[in-house]
Each structure stands twice: as C-alpha cells, then as structure tokens.
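Presented below is the structure to which this report refers.
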Amino acid sequence: MKHIAIGILAAATMGLMASAATAASTLEAVKAKGFVQCGVNTGLSGFSSPDDKGEWKGLDADFCRAVAAAVFGDGTKVKFTPLSAKERFTALQSGEIDLLSRNTTWTINRDTALGLNFAGVTYYDGQGFMVNAKKLPGVNSALQLSGAAVCVQSGTTTELNLADYFKANKMEYNPVVFEKVEEANAAYDSGRCDAYTTDQSGLYGIRLTLSSPGDHVVLPEIISKEPLGPAVRQGDDQWYHIVKWTYFALLQAEELGITQANVDELKASGGPEVKRVLGQEADTKLGTDLGVTNDWVVNIVKSVGNYGEMFERNVGAGSPLKIARGLNGLWTKGGLQYAPPIR
Amino acid sequence: MASQEVLREEPTRGSLINDPRVRSIFIQVVAALALVLCIWWIVGNTIDNLQRLHIASGFAFLKGRAGFDIADSAIAYSSDNTYGRAILVGLINTAIVALAGIVTATIIGFMVGIGRLSNNWLIRKICTVYVEVFRNIPPLLVIFFWYFGVLSVLPLPRDSIGLPFGSFLNSRGFYFPRAVWGEGSWLIFLALVLAIAMSWFVARKARQRQMATGQQFPVFWTSVALIVGLPLLAYIVSGFPLTFDLPKKSTFNLTGGFQVKPEFLSLYLALSFYTAAFIAEIVRAGVRGVSHGQTEAAGALGLRSGPILRLVVVPQAMRIVIPPLTSQYLNLTKNSSLAIAIGYPDLTAIAGTVLNQTGQAIEPVLIMMAVYLGLSLLTSAIMNVVNAKMALVER
C-alpha cells in the first residue's frame, strides 16, 4: 500500500510544486534543514540494516554518513528512510529523500527515463542463486534449476535478469514475487521456493538471517552485471558533484593510505599529494569550489574511514559476510575502483 | 409554507442580484469553473514538473516489452509481452480472486449468520466466536495467518500429503488432476446445457401445476437426475473422451495436474473468511428485521421451520440485506490489493512492478485507480439490479 501512497504523493508533489520557480539547490535545502535525508534498504546485512540499538549499519548507510560529513563536517547529521525496491525511485524523484544509497543497479534506463544521476559504483556485484543444499542435494549449478520455484523481489533488475536467464537457457521456472525483502526471505526460509535470487552480496547477507545458514549454498553462476551505487535527482549538478566526489574521495583516501586513525597526523606530515587532498595546501579552493569546506576529505575519513576500511568493516573480513575485495579492490590492486585525481 | 410562496412571487419584482434562481445558477457556474481551472492547473503543472525533472511521462510505456514473468496468469503471457498485457493479467487475477471470494464469503456468511440465530446453543456460540474473531482482526493478519501459519508449514513437495482422487497438498499449494477434454467432448457440454434448460422448464411447469391443482412434483430430484444423467450418457455415447492429467513428482515440484498456488489460496481464504464475518452480521440483522409475527403467522398456517425460513423470512430479509451486502462486496474487492504482501500477482502488485520498472509513478497509479473504480461501479450496478428485483413490489 505504501508505494501507492508514494505514487499519489509524487503526483501531488508534481502537481502542486510551483513550476515557474527555479528548483532550489539541494545543498542549500539540506543545509537549511540540518541533515541529509538518505534512502536505504529496509534491511540487507552489510549494506544497510539497523543493529540491535536501531543504528543503521552497512556500506550504503556509511556512504550516507560520508556525504553528511562532507557537507556538515559531521557524519551523524543524516536521517535514514528505509525503502523497498519499488518505492525507491519515486521517493527520490518526489524529493522525499536527497540521496538514494540503496544497493541500486546503475542502468541506462534509470539514468535517462527515470530522471536520475548515478554518482558512481560503490559495489560491483552480479546476480546469483542460492539453494538449500540439504533439501536439494546434488544441485550445484543454476543450470539445474529448470522447473524450480524462485523467490525474487519485485521491481528490480534481478526480476528482469531472471526472466532473461531462464529464457536464454530454455528452462522453465515459477517466479514467486515479493515486494519486501523480509517477505521474500521468510517465504524462502519456509520452503516456498527452491531457489532465491538476488545480487550475490545480498545472498550472503540474507543467508546469515535464515534459520539454518549452514544448509544453504550460493551457486557459482553470476548471471548479470550489477554495478550498485548512489543516485541523485537530475537537474542539480552541484549536489551531484558533491555525492560523486565524496565517493572518489573515499577511494583516493584508500589509495593514499589515509585512514581514520592517521588522518589527523597526515594533515601535517603527509606528502604534497596527501596534503592537497586533505585541503592543507595554501589558498586551496578545491573544497569551496565544490560547495563544501576545504577539509571535507578529512571530515569524511574521520567519520567513516576510507573506502577500504568501510568495505572491510561492513562486508569484508571484519564482518560476518567475509566477502573478498575482488572487483571492488583498487585499480592498483587489480580491482575496478578508480578515482579521477583530486586537484 | 408562507415564506416559500413569498419566494416564488418575489423574483418577478426584485432586481437580478436578488433573484434566488439567478443567484444559484451563478454560484454553481462559478464553482464549476473554479473546479475545472484547479484541475487544469494541476494537470498542466504536473506535466511541466515532469518535463523539468526529465522524467518520462505518457502512456506510451504500455506498449513496451515487460521483461518480467508472472506466476499466475489466466491468459497467455510471457516476458516478451507488453506492460499493457501484464497489467491486464493483474486485472484478471484481481477479478478472479474477488469473484471467488465474494461467492465463498456469501455462502459462509449466510450459514454463520443464520447459525447465530439457531436454537442450538453450540451452533449459536460457535458462530458468535467466529464472527467476533474474524471481524476484529485486520485482514492483512488473516492473510498472513493463512500464508505463513497454515500453508507454509505444510510438507515440502517430496513429502506431499496424498489426498483422494489423485490430488496432493504441500507447501507449494494444492494439486489436483486436470481434466483433458478429448475428441467429441463437446457432446458432454451440450448435454449439460440441455439438462439445465430442461430442469428449468420442469421447475416452471411444476410451479404452474402446483398453482393450478395444488399437487407437488419432486423438482429437485428430477433436476439432479437430469444434470448428472444426461452428461454421463453423452460421455458414454461419445466413447469416453475425458482423461485426467495427474500430478506427478519431479525434481523440484509436482508436475502435471492443476496447481492452486498458496498465494492465491491464502488470499482467497482470508478474504472469504474475513468478509464472511461481516456478511453474517448483515444477514443476522436482516433476519431480525423481519417481524416475528411473520414467522408466527407462517407457523399458524402449518409450515415447518425450514419452509418458514426459506419461503417467508429470507425473501423479506433479503430486502434489508442486499444494500449493505454490496458494500461488503466492494470492500472485498478493494481488500484484494493486500495480495501484494504475500506475492499474489494481482493488479496492485503488477502495476507496482510496472511503476518501478518504468519509473513512471503517476500513470500506473491512475490506471489502478480507474480499474478499482470501474470494478466497484460494475459490482454496484449488478447489485442494484438484484436489489430492484428483490424490492417490495407494490400492487
């Protein structure tokens, strides 16, 4: 029901917004209200899920904090709006949120017809399948899934890739489609479906929440490219740049070895490049040109660490998920994460 | 009275401003203009804003390839079909579950409603408990109860519960043999239609005879014999064309046969049981609304309690029952949009998916609103016809 409400809200907003007035700057609006309103997943381990104290944890949630740190110098000035896959774009389009950081795949359709701008790829993912190895011994490839009932979340690229994959391999399947990830998890856990499909990172996260995680295996096939990243509305280049360069700053910090622990020390003792990135160069205007303060990178790293720290803490070795860096390693280490120079 | 007469005479003498007729027309025209302007402004503004935000708009997306699959579809559908057809599939699914729910809710509702008035203490109490329980729980919880509480705890397909006639029950739903109509089976359908027509004719003749002579004729048993006998005869004559496709176990699921999925089953059962509680109360009110003198008068004429209920009380109660019953049917249809919580692909679910895949929020929501409005108006129209038939005919 909520997405209808959002749809109506969107219709109302579009209808009642004064069209003649030029769009107010998102940065100014954010500064005026004093926090960044950030759209996240309703609950996906490692990306965004509330912990036992109600605090949002995860890579996507930390990215929201990084943007807040860049704008306010304080990573806690952020409010989270949990969104289902279906609600997310409408929430962003209608202005309910300032930033969508919700494991969302970057596609051409979303960049154009939906009126969004993707700021980068915070996680390179691919779609996979998970099955219960105890109930279905002998299934070790997605190509054996013909005839299976597959649980999937509605309104996702996953749903479309699933249809394409089974069609391309001339297999039959039975989609069981849920709006909310929690409902899909519960249905899979109860045995309603033989297989569960979503991005592989998501599968590892969901596996942890099942009643007996050890029984479930993620099949080796990756059937799609899923570059996940934060998105903003079109039509506000300044805000788009702040979000985009926050992401690059996180990467640049890792590349230069700037961490949460040593950032204060490096402000004084770092080499010329480190000093420039941290805004310590004399008469620097890098930060103010962007619309934030010159020590914005310091604030980002202080609040969430660099990209590598964020990754390890939420989905990597320091987390229950234990996902290897792989494609998400820095370009210097054979991965795809690469930031243009901050100069 | 006096003031009205004064008003009627005044206009001819007073100025135009004081003329109440002119005034009322003027106010109505202004109000209508204001409404039209307001709508025009909202629509125009919406289009402006969508363009400014670079969001695609218009209904052209309905012709695009949908790309997603739908589990339950009454018409042929694949991911290669259009968004428009996907929405049509959702509309049909909504209609199916609403129609099935309305029929079942009415049957349960009437039984429980009458049961609450029973002289039997146990029946009366059971019906009261039923009404109080289902009426006071939100429908979404009733749906979850059936889905997660009843159907998903059933065994997996491998350990299906075998039921009579080759049907099975498991956590994937209810499987039963599917009839496969062979060559010459049209004869069976023809026989069935013929039998129904003949039963109707027999009932008419029997009524006429009873009116004229007072003699009764066993209409019910004759009809049963006709409706069962004739198609059976046709089945034998046409050389046994009917075979059954039985559900069989395969790697994952049962294949073959006809599968009723748990999503449909739980939505259908929940809506039926939930709405039946309200219908039961309406029926009880209707029966109570018939004066007790009617029952006593019928008793004095020598009718037994069954015929009293059937011939005297219920026809009069129906006049009270039908208008609120219509509202319950509308509620049931609209509540079917809760299907989204358990993944039954009804209109709301599919239009929601379309909304998300195309990113166009306004158009799918407009379509949804128009469809629910259309379904509701259609239900009301049908019920109004029924109501007109039932209404007291004054002679």
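Residues are named by chain letter and number: chains run A, B, ... in the order of the structure tokens, numbers start at 1 in each chain, and ligands are numbered from 1 in the order shown.
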Exercise for the section: Name the residues in contact with range 67-84 of chain A at a cut-off of 9 Å, using only C-alpha atoms, excluding same-chain residues fewer than 3 positions from it; report them as a PyMOL selection string. Expected result: chain A and resi 3+27+30-31+34-43+48-49+56+61-64+87-88+91+96-97+102+179-181+242-243+246-247+291-293+295-304
Practice task
Quick one: everything within 8 Å of Leu91 in chain B, counting only C-alpha atoms, minus sequence neighbours fewer than 2 positions away in the same chain. Send it as a PyMOL selection string.
Solution key: chain B and resi 87-89+93-95+346-347+371
Please write the residues from the selection above to a file, keeping C-alpha atoms, as an mmCIF file, in the first residue's frame.
data_model
loop_
_atom_site.group_PDB
_atom_site.id
_atom_site.type_symbol
_atom_site.label_atom_id
_atom_site.label_comp_id
_atom_site.auth_asym_id
_atom_site.auth_seq_id
_atom_site.Cartn_x
_atom_site.Cartn_y
_atom_site.Cartn_z
ATOM 1 C CA ILE B 87 -1.438 -5.107 -16.288
ATOM 2 C CA LEU B 88 -4.320 -6.950 -17.946
ATOM 3 C CA VAL B 89 -3.072 -10.207 -16.362
ATOM 4 C CA ASN B 93 -6.192 -12.069 -11.356
ATOM 5 C CA THR B 94 -7.852 -9.418 -9.182
ATOM 6 C CA ALA B 95 -11.221 -10.194 -10.763
ATOM 7 C CA ASP B 346 -2.906 -9.024 -8.563
ATOM 8 C CA LEU B 347 -3.392 -5.650 -10.225
ATOM 9 C CA VAL B 371 -9.649 -0.078 -12.607
#
Practice task
For Ser238 in chain B, work out the shell of residues within 8 Å, counting only C-alpha atoms and skipping chain neighbours fewer than 6 positions away, then give it as a list of chain:residue names.
Solution key: B:Gly184, B:Ser185, B:Leu187
Problem - Distance filter 8 Å, only C-alpha atoms, chain B against chain A, as an NGL selection string - result: :B and (42-50 or 53-56 or 67-71 or 79 or 148 or 152-153 or 156 or 171-172 or 251-253 or 337-338 or 340-345 or 349 or 352-362 or 365)
Practice task
Name the residues in contact with Ala119 in chain A at a cut-off of 6 Å, using only C-alpha atoms, excluding same-chain residues fewer than 2 positions from it; report them as a ChimeraX atom specification.
Solution key: /A:230-231,244
Since we have the selection now, will you write its residues out, keeping N, CA and C atoms, as a compact mmCIF listing (two decimals), in the first residue's frame?
# COMPACT_ATOMS: atom_id res chain seq x y z
N PRO A 230 25.21 5.01 -5.49
CA PRO A 230 24.27 6.04 -5.03
C PRO A 230 23.74 6.86 -6.20
N ALA A 231 22.51 7.34 -6.08
CA ALA A 231 21.91 8.15 -7.14
C ALA A 231 21.27 9.40 -6.57
N LYS A 244 29.23 12.59 -5.95
CA LYS A 244 30.20 11.87 -6.78
C LYS A 244 31.59 11.98 -6.20
Exercise for the section: Considering only C-alpha atoms, state which residue in the set B:Val385, B:Asp80, B:Ala86, B:Gly256 is at the smallest distance from Leu62 in chain B. Expected result: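 For Leu62 in chain B, the nearest of the given residues is B:Ala86.
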Exercise for the section: Could you tell me which of A:Ala142, A:Ile108, A:Ala317, A:Val218 comes closest to Ser201 in chain A if we count only C-alpha atoms? Expected result: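 Smallest distance to Ser201 in chain A is found for A:Val218.
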Practice task
Would you list, as a PyMOL selection string, the residues of range 20-238 of chain B that end up in helix (DSSP H, G or I) under DSSP run on this structure's backbone?
Solution key: chain B and resi 20-52+60-63+83-115+121-135+139-151+157-159+186-213+219-237
Exercise for the section: Just the residues within 12 Å of Ala179 in chain B, please, counting only C-alpha atoms, with nothing from its chain fewer than 3 positions along; format it as JSON, numbers by chain. Expected result: {"B": [176, 182, 185, 241, 242, 243, 244, 245, 246, 247, 256, 257, 258]}
Exercise for the section: Could you check how far CA of Asn117 in chain A sits from CA of Val232 in chain A, in Å to one decimal? Expected result: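 These two atoms are separated by 5.3 Å.
The interatomic distance for the pair CA of Phe273 in chain B and CA of Gly101 in chain B works out to 8.7 Å.
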Handout entry: Shortest interatomic distance to Leu330 in chain B - which of B:Ala98, B:Ile137, B:Val287, B:Met390, counting only C-alpha atoms
Key =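 Residue with the minimum atom-to-atom distance to Leu330 in chain B: B:Ala98.
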Nearby residues (only C-alpha atoms) at most 12 Å from Lys275 in chain A, same-chain spacing under 6 positions excluded, as a short mmCIF file (atom, residue, chain, number, x, y, z; two decimals) with C-alpha atoms, in the first residue's frame:
data_model
loop_
_atom_site.label_atom_id
_atom_site.label_comp_id
_atom_site.auth_asym_id
_atom_site.auth_seq_id
_atom_site.Cartn_x
_atom_site.Cartn_y
_atom_site.Cartn_z
CA ALA A 253 41.99 8.23 0.64
CA LEU A 256 46.98 7.33 -0.50
CA ILE A 258 44.83 7.85 4.62
CA VAL A 263 44.25 11.30 9.11
CA ASP A 264 44.97 13.95 11.74
CA GLU A 265 48.63 13.06 11.76
CA LEU A 266 48.89 13.11 7.95
CA LYS A 267 47.36 16.58 7.78
CA ALA A 268 50.71 17.91 8.97
CA SER A 269 53.17 15.21 7.97
CA GLU A 281 47.60 23.33 0.62
CA ALA A 282 47.87 27.09 0.97
CA THR A 284 43.31 25.83 -1.75
CA LEU A 286 39.17 22.54 -4.06
CA ASN A 294 38.28 22.65 2.28
CA ASP A 295 38.81 19.97 4.94
CA VAL A 297 38.07 14.82 2.92
CA VAL A 298 39.36 14.95 6.50
CA ILE A 342 41.58 15.38 -6.73
CA ARG A 343 43.40 18.51 -7.89
#
Exercise for the section: Tell me, in Å to one decimal, how far CA of Gln337 in chain A is from CA of Gly202 in chain A. Expected result: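 One can read the CA of Gln337 in chain A to CA of Gly202 in chain A distance as 19.9 Å.
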Handout entry: Shell around Phe220 in chain B at 12 Å using only C-alpha atoms, local window under 2 positions removed, as JSON, numbers by chain
Key = {"B": [199, 200, 202, 203, 206, 216, 217, 218, 222, 223, 224, 225, 226, 227]}
